[in-house]
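Okay, so here's the structure we're looking at.
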Amino acid sequence: MKFGIIVFPGSNCDRDMATVTQGILNLPTRMVWHQDTDINDLDVVVIPGGFSYGDYLRCGAIAQFSPVMNSIIEHAKAGKYVFGVCNGFQILTEVGLLPGALIRNRDLHFICDRVRVRVERNDLIWTRKYSKQQVVTYPIAHGEGRYFADEDTLKALEENNQVLFRYCSARGEINEEHNPNGSLNSIAGIVNQQGNILGMMPHPERASDAAIGINDGLAMFEGLVMAIA
Ligand SMILES: NC(=O)CC[C@H](N)C(=O)O
């Protein structure tokens with residue numbers, strides 16, 4: 001079982017991700033430069049957070065045209081796993097692998113904080129080690145993290161249970177007070193209909209080591225490994 005972490009000019013969470021997959025979980029992990037196109041050896045493609053191409057135009061707008069993206073689309077269409085975090089989520093929506101868009105935060109500020117999110121389902125490999133409706137704490141660090149989609153897309157997402165994480169209070173309540181960036185329906189992470197592609201704004205890879213005081217994210221990686229080991 002092998003992880004591949006895509007590196008764009010401007011990525012900055014790629015090493016954090018490798019620290020978890022390789023450093024903590026001891027799993028084969030390869031850094032993949034965005035111009036490489038041969039990713040056949042990979043089981044899980046990770047598109048990490050960062051500022052690909054300096055966020056010019058809008059976050060993820062240029063990275064979607066990198067040569068590796070066609071290979072990632074093929075990998076995803078073959079039913080293999082694709083995991084986009086933060087800038088990775090933005091790139092996945094730009095390239096059309098996930099619906100909707102991430103737009104400027106409600107207050108137009110970059111937010112760097114720890115937030116609570118509620119796990120909406122645990123029947124997918126990503127969240128199998130959590131309980132349903134479990135409240136976990138993850139860091140966020142983004143300027144364009146406000147999930148937006150047109151009415152029909154939002155309705156379809158909800159009907160198909162594609163929302164995997166929502167921002168919430170410590171008790172799991174969903175309301176605008178605990179919605180840091182103004183995302184529609186407090187959406188923090190979604191999957192495609194088949195469930196093999198996940199995009200999320202919070203950073204579980206920065207919450208996976210008790211030594212830094214927060215490790216709610218590790219269960220995500222452990223669940224993934226259990227499923228495909
Ligand atoms: N941590 C990140 O991936 C940040 C994503 C993007 N650069 C933003 O500010 O929204």
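By convention here, the chains of the structure tokens are called A, B, ... in the order presented, each chain's residues are numbered starting at 1, and ligands are numbered starting at 1 in the order presented.
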Who sits within 8 Å of segment 179-196 of chain A, only C-alpha atoms, same chain under 5 positions skipped, as a VMD selection string: chain A and resid 76 79 to 82 97 to 99 105 to 107 115 117 124 145 to 149 160 162 to 168 174 201 to 202
Nearby polymer residues, ligand 1, at most 9 Å, only C-alpha atoms and all ligand atoms, as JSON, numbers by chain: {"A": [10, 11, 12, 13, 48, 49, 50, 51, 52, 54, 55, 58, 59, 60, 85, 86, 87, 88, 89, 90, 102, 103, 104, 105, 110, 111, 112, 140, 141, 142, 143, 144, 145, 146, 201, 202, 203]}
Backbone-only DSSP, strand (DSSP E) members of segment 103-215 of chain A, as a ChimeraX atom specification: /A:103,111-119,135-142,146-148,163-167,187-191,197-200
Those selected residues, please, written with N, CA and C atoms and delivered as a compact mmCIF listing (two decimals), in the first residue's frame.
```
# COMPACT_ATOMS: atom_id res chain seq x y z
N ILE A 103 -14.77 29.44 -2.08
CA ILE A 103 -14.63 30.87 -2.36
C ILE A 103 -14.08 31.60 -1.13
N ILE A 111 -7.96 32.51 7.82
CA ILE A 111 -8.23 32.02 9.18
C ILE A 111 -7.25 30.90 9.51
N CYS A 112 -6.57 31.04 10.64
CA CYS A 112 -5.68 29.99 11.14
C CYS A 112 -6.16 29.67 12.55
N ASP A 113 -6.72 28.49 12.75
CA ASP A 113 -7.38 28.22 14.01
C ASP A 113 -7.55 26.70 14.17
N ARG A 114 -8.04 26.31 15.35
CA ARG A 114 -8.49 24.93 15.52
C ARG A 114 -10.00 24.96 15.60
N VAL A 115 -10.65 24.08 14.87
CA VAL A 115 -12.11 24.11 14.87
C VAL A 115 -12.64 22.70 15.14
N ARG A 116 -13.91 22.65 15.49
CA ARG A 116 -14.53 21.34 15.67
C ARG A 116 -15.30 20.98 14.41
N VAL A 117 -15.22 19.73 14.06
CA VAL A 117 -16.03 19.24 12.94
C VAL A 117 -16.74 17.95 13.36
N ARG A 118 -17.89 17.75 12.76
CA ARG A 118 -18.69 16.55 13.07
C ARG A 118 -18.55 15.56 11.92
N VAL A 119 -18.31 14.32 12.29
CA VAL A 119 -18.17 13.25 11.30
C VAL A 119 -19.58 12.78 10.93
N VAL A 135 -17.54 14.32 17.31
CA VAL A 135 -16.99 15.67 17.16
C VAL A 135 -15.48 15.60 17.35
N VAL A 136 -14.74 16.07 16.35
CA VAL A 136 -13.28 16.03 16.45
C VAL A 136 -12.72 17.44 16.24
N THR A 137 -11.47 17.63 16.64
CA THR A 137 -10.84 18.94 16.48
C THR A 137 -9.73 18.84 15.45
N TYR A 138 -9.79 19.72 14.46
CA TYR A 138 -8.75 19.78 13.43
C TYR A 138 -8.33 21.24 13.24
N PRO A 139 -7.10 21.47 12.80
CA PRO A 139 -6.72 22.84 12.43
C PRO A 139 -7.29 23.24 11.07
N ILE A 140 -7.53 24.53 10.91
CA ILE A 140 -7.80 25.07 9.56
C ILE A 140 -6.82 26.22 9.31
N ALA A 141 -6.51 26.45 8.05
CA ALA A 141 -5.60 27.53 7.67
C ALA A 141 -5.89 27.87 6.21
N HIS A 142 -6.83 28.77 5.99
CA HIS A 142 -7.18 29.08 4.61
C HIS A 142 -7.82 30.46 4.46
N ARG A 146 -14.61 28.78 1.91
CA ARG A 146 -16.07 28.82 2.06
C ARG A 146 -16.71 27.97 0.97
N TYR A 147 -17.27 26.83 1.41
CA TYR A 147 -17.84 25.93 0.40
C TYR A 147 -19.10 26.54 -0.20
N PHE A 148 -19.14 26.52 -1.52
CA PHE A 148 -20.29 27.07 -2.23
C PHE A 148 -20.69 26.13 -3.37
N VAL A 163 -21.82 14.66 2.18
CA VAL A 163 -21.13 15.53 3.13
C VAL A 163 -20.52 14.65 4.22
N LEU A 164 -19.21 14.68 4.34
CA LEU A 164 -18.54 13.81 5.31
C LEU A 164 -18.22 14.56 6.61
N PHE A 165 -17.90 15.86 6.50
CA PHE A 165 -17.58 16.66 7.69
C PHE A 165 -18.32 17.99 7.65
N ARG A 166 -18.84 18.41 8.83
CA ARG A 166 -19.42 19.76 8.96
C ARG A 166 -18.81 20.46 10.16
N TYR A 167 -18.59 21.75 10.05
CA TYR A 167 -18.16 22.56 11.19
C TYR A 167 -19.27 22.54 12.23
N ILE A 187 -20.48 23.01 5.45
CA ILE A 187 -19.72 21.91 4.85
C ILE A 187 -18.20 22.13 4.99
N ALA A 188 -17.54 21.12 5.58
CA ALA A 188 -16.08 21.16 5.73
C ALA A 188 -15.39 20.13 4.84
N GLY A 189 -16.14 19.10 4.42
CA GLY A 189 -15.55 18.08 3.57
C GLY A 189 -16.62 17.26 2.87
N ILE A 190 -16.34 16.90 1.61
CA ILE A 190 -17.31 16.10 0.84
C ILE A 190 -16.61 14.96 0.10
N VAL A 191 -17.40 13.97 -0.27
CA VAL A 191 -16.89 12.89 -1.13
C VAL A 191 -17.67 12.89 -2.44
N ILE A 197 -13.19 9.61 -3.60
CA ILE A 197 -12.52 10.90 -3.66
C ILE A 197 -13.02 11.74 -2.48
N LEU A 198 -12.10 12.21 -1.66
CA LEU A 198 -12.47 13.06 -0.53
C LEU A 198 -11.75 14.39 -0.62
N GLY A 199 -12.50 15.47 -0.42
CA GLY A 199 -11.89 16.80 -0.31
C GLY A 199 -12.34 17.43 0.98
N MET A 200 -11.40 18.01 1.73
CA MET A 200 -11.78 18.65 3.00
C MET A 200 -10.87 19.86 3.27
```
Atom CA of Ile91 of chain A to atom CA of Phe221 of chain A, distance in Å rounded to a single decimal: 20.9 Å
Atom CA of Tyr53 of chain A to atom CA of Arg30 of chain A, straight-line distance in Å: 21.4 Å
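Distances from A:Ala227, A:Leu92, A:Ala207, A:Ala78 to Thr19 of chain A were compared using only C-alpha atoms, and the smallest one belongs to A:Ala207.
Checking A:Leu224, A:Arg121, A:Asp209, A:Asp216 one by one against Val20 of chain A, counting only C-alpha atoms, you find the shortest gap at A:Asp209.
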Show me, as a tab-separated table (two decimals) with N, CA and C atoms, in the first residue's frame, the residues that have an atom within 10 Å of Leu218 of chain A when counting only C-alpha atoms, minus same-chain residues fewer than 6 positions from it.
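To be explicit, this is the file written out as out.tsv:
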```tsv
chain	number	residue	atom	x	y	z
A	20	VAL	N	3.16	12.01	8.55
A	20	VAL	CA	2.16	11.09	9.09
A	20	VAL	C	2.24	9.73	8.39
A	21	THR	N	2.18	9.72	7.06
A	21	THR	CA	2.10	8.43	6.36
A	21	THR	C	3.39	7.62	6.51
A	24	ILE	N	4.95	8.48	10.94
A	24	ILE	CA	4.20	7.92	12.06
A	24	ILE	C	3.67	6.52	11.74
A	25	LEU	N	3.14	6.36	10.51
A	25	LEU	CA	2.53	5.06	10.19
A	25	LEU	C	3.49	4.11	9.46
A	129	LYS	N	-12.88	4.67	11.45
A	129	LYS	CA	-12.40	4.56	12.83
A	129	LYS	C	-13.04	5.60	13.76
A	204	PRO	N	-6.31	17.11	8.82
A	204	PRO	CA	-6.09	16.00	9.76
A	204	PRO	C	-4.61	15.65	9.91
A	205	GLU	N	-3.81	15.94	8.86
A	205	GLU	CA	-2.38	15.60	8.94
A	205	GLU	C	-1.65	16.50	9.94
A	206	ARG	N	-2.25	17.63	10.29
A	206	ARG	CA	-1.65	18.50	11.30
A	206	ARG	C	-2.26	18.23	12.67
A	207	ALA	N	-2.97	17.14	12.77
A	207	ALA	CA	-3.62	16.77	14.04
A	207	ALA	C	-3.43	15.28	14.24
A	208	SER	N	-2.23	14.80	13.99
A	208	SER	CA	-2.00	13.35	14.01
A	208	SER	C	-0.85	12.92	14.89
A	209	ASP	N	-0.40	13.82	15.75
A	209	ASP	CA	0.74	13.50	16.59
A	209	ASP	C	0.51	14.11	17.98
A	210	ALA	N	0.34	13.24	18.98
A	210	ALA	CA	0.06	13.73	20.33
A	210	ALA	C	1.13	14.71	20.81
```
